[in-house]
Structure formats: C-alpha cells, structure tokens
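Shown next, in structure tokens, is the structure this report addresses.
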Amino acid sequence: MNFRVPQFIDIEDKIFGPLTFKQFIYLIGGGGAIFILYSLLPFYLAIWLIVPTAALALALAFYKVNNRPFVHMLEAATRYVVGIKMYLWKRRDKPIQPKTVEKKEGAAPVEAKRLSASKLRDLSWSLDVKENIK
C-alpha cells in the first residue's frame, strides 16, 4: 500500500493575496487602532501614538526573530517581565581564619583545632548529602 505523506505542513496558506490570515488580522487591527487614534486625538498628539502602533502592527505581521514570529518573542518578553523570577545563590569559598582562644590567667595559650580547606569541604559535602561520617 502506498500512503501520501503531507508536505509543507508548517507553511501557512496565503488567503488574502500575498498575506496569510494572521498577517491580515494584525494589519487590519493596527489600521483600526490608527484610525481611532487619528479621529479622537489632534494630529500633533496622535502622531506620537500612531507611529509605534503602526510599527507594532507591521512587526507582528512580517518580522521574524530566529525564524519564529514576532508575537512569540513579545509573549516571552511579557512573561519574563510579569512572571516570578528565581534568583540563584552562587557559593564562594572564603579562606578559613584560625581562631584563637583568649588566654586565661595562669593557663598556657591554647589554639583552636585547625581544619584544612579540603577537610572542611569534605565535611560540608557529607552534611549536604547526609552521609554517615566515620
């Protein structure tokens, strides 16, 4: 038996001349917004809103970032700005300073037991993974 495998399924159909349905909707929506701005505001104020609106409508319709539509990048940017961010703490090793015990009257000076950096790191690792220490 021979089966026909569909080809070019990732290409959208051109419905309105050289435009796809999504491109047509973006351009009609941008044109409608521009018309409303032009009719409601004086021209010298409306031009400051018309230009970004036209740029957004054209970017949504035609601009691609890494072969993906601009709307995907806009959605990702919005989710990043609005969403919860997770901050990770990066651990830094600090040099270990030996501690000395204050000298009491009549007693010999006593120095605290020193741990090497590698021994301390091993101890820290074993506590993090909850290993039994011998």
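Scheme for the structure tokens: letters A, B, ... for chains in order shown; per-chain residue numbers from 1; ligand numbers from 1 in order shown.
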Q.
Among chain A, which ones does DSSP assign to alpha helix (DSSP H) (computed from the backbone)? Answer as a VMD selection string.
A. chain A and resid 21 to 40 43 to 62 70 to 82 117 to 128
Q: Do a neighbour search on A:Thr20 at 12 Å with only C-alpha atoms, toss out local chain neighbours closer than 6 positions, and write the hits as a ChimeraX atom specification.
A: /A:11-14,26-27,61-62
Q) What is the distance between atom CA of A:Gly31 and atom CA of A:Leu60, in Å to one decimal? A) 12.8 Å
Q: Please measure the separation of atom CA of A:Ala59 and atom CA of A:Gln23, giving the value in Å to one decimal.
A: 9.8 Å
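Secondary structure from DSSP on the backbone puts strand (DSSP E or B) at the following positions of chain A: Lys14, Ile15, Phe16, Leu19, Thr20, Lys64, Val65, Arg68, Pro69, Thr100 and Glu111 of chain A.
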Okay, now the selection with N, CA and C atoms, as a JSON list (two decimals), in the first residue's frame?
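Okay, this is what ended up in out37.json:
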```json
[["chain", "number", "residue", "atom", "x", "y", "z"],
["A", 14, "LYS", "N", -1.77, 31.34, 1.93],
["A", 14, "LYS", "CA", -1.99, 32.75, 1.60],
["A", 14, "LYS", "C", -3.47, 32.89, 1.23],
["A", 15, "ILE", "N", -4.20, 33.62, 2.05],
["A", 15, "ILE", "CA", -5.65, 33.74, 1.86],
["A", 15, "ILE", "C", -6.02, 35.07, 1.21],
["A", 16, "PHE", "N", -5.42, 36.15, 1.68],
["A", 16, "PHE", "CA", -5.74, 37.49, 1.18],
["A", 16, "PHE", "C", -4.58, 38.00, 0.35],
["A", 19, "LEU", "N", -0.92, 37.78, 1.68],
["A", 19, "LEU", "CA", -0.96, 37.76, 3.15],
["A", 19, "LEU", "C", -1.65, 36.50, 3.67],
["A", 20, "THR", "N", -1.15, 36.02, 4.80],
["A", 20, "THR", "CA", -1.84, 34.94, 5.50],
["A", 20, "THR", "C", -2.97, 35.54, 6.33],
["A", 64, "LYS", "N", 10.30, 38.46, 11.75],
["A", 64, "LYS", "CA", 10.58, 37.16, 12.37],
["A", 64, "LYS", "C", 11.91, 37.23, 13.09],
["A", 65, "VAL", "N", 11.96, 36.62, 14.28],
["A", 65, "VAL", "CA", 13.17, 36.54, 15.08],
["A", 65, "VAL", "C", 13.56, 35.06, 15.14],
["A", 68, "ARG", "N", 11.04, 32.61, 13.86],
["A", 68, "ARG", "CA", 9.79, 32.48, 14.62],
["A", 68, "ARG", "C", 9.08, 33.83, 14.58],
["A", 69, "PRO", "N", 7.76, 33.83, 14.57],
["A", 69, "PRO", "CA", 7.02, 35.10, 14.50],
["A", 69, "PRO", "C", 7.34, 36.02, 15.69],
["A", 100, "THR", "N", 41.67, 31.73, 67.79],
["A", 100, "THR", "CA", 42.47, 31.52, 69.00],
["A", 100, "THR", "C", 41.59, 31.77, 70.21],
["A", 111, "GLU", "N", 45.36, 27.00, 71.23],
["A", 111, "GLU", "CA", 44.91, 27.39, 69.89],
["A", 111, "GLU", "C", 43.83, 26.41, 69.45]]
```
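If only C-alpha atoms are the atoms counted, then among A:Lys94, A:Lys85, A:Lys22, A:His72 the closest residue to A:Ala117 is A:Lys94.
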Exercise: A:Ile36 partners within 12 Å, only C-alpha atoms, chain neighbours under 5 positions left out, as a PDB file with C-alpha atoms, in the first residue's frame:
```
ATOM      1  CA  GLY A  29      -6.246  45.613  13.796  1.00  0.00           C
ATOM      2  CA  GLY A  30      -3.328  48.049  13.542  1.00  0.00           C
ATOM      3  CA  GLY A  31      -5.147  50.076  10.883  1.00  0.00           C
ATOM      4  CA  LEU A  41      -6.907  62.977  19.090  1.00  0.00           C
ATOM      5  CA  PRO A  42      -5.461  66.076  17.452  1.00  0.00           C
ATOM      6  CA  PHE A  43      -2.911  65.143  14.797  1.00  0.00           C
ATOM      7  CA  ALA A  46      -1.947  61.305  17.660  1.00  0.00           C
ATOM      8  CA  ILE A  47       1.247  61.010  15.603  1.00  0.00           C
ATOM      9  CA  LEU A  49       0.847  57.077  19.238  1.00  0.00           C
ATOM     10  CA  ILE A  50       0.263  56.261  15.560  1.00  0.00           C
ATOM     11  CA  THR A  53       1.135  51.351  16.768  1.00  0.00           C
TER      12      THR A  53
END
```
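Going from atom CA of A:Ile28 to atom CA of A:Leu58 covers 10.5 Å.
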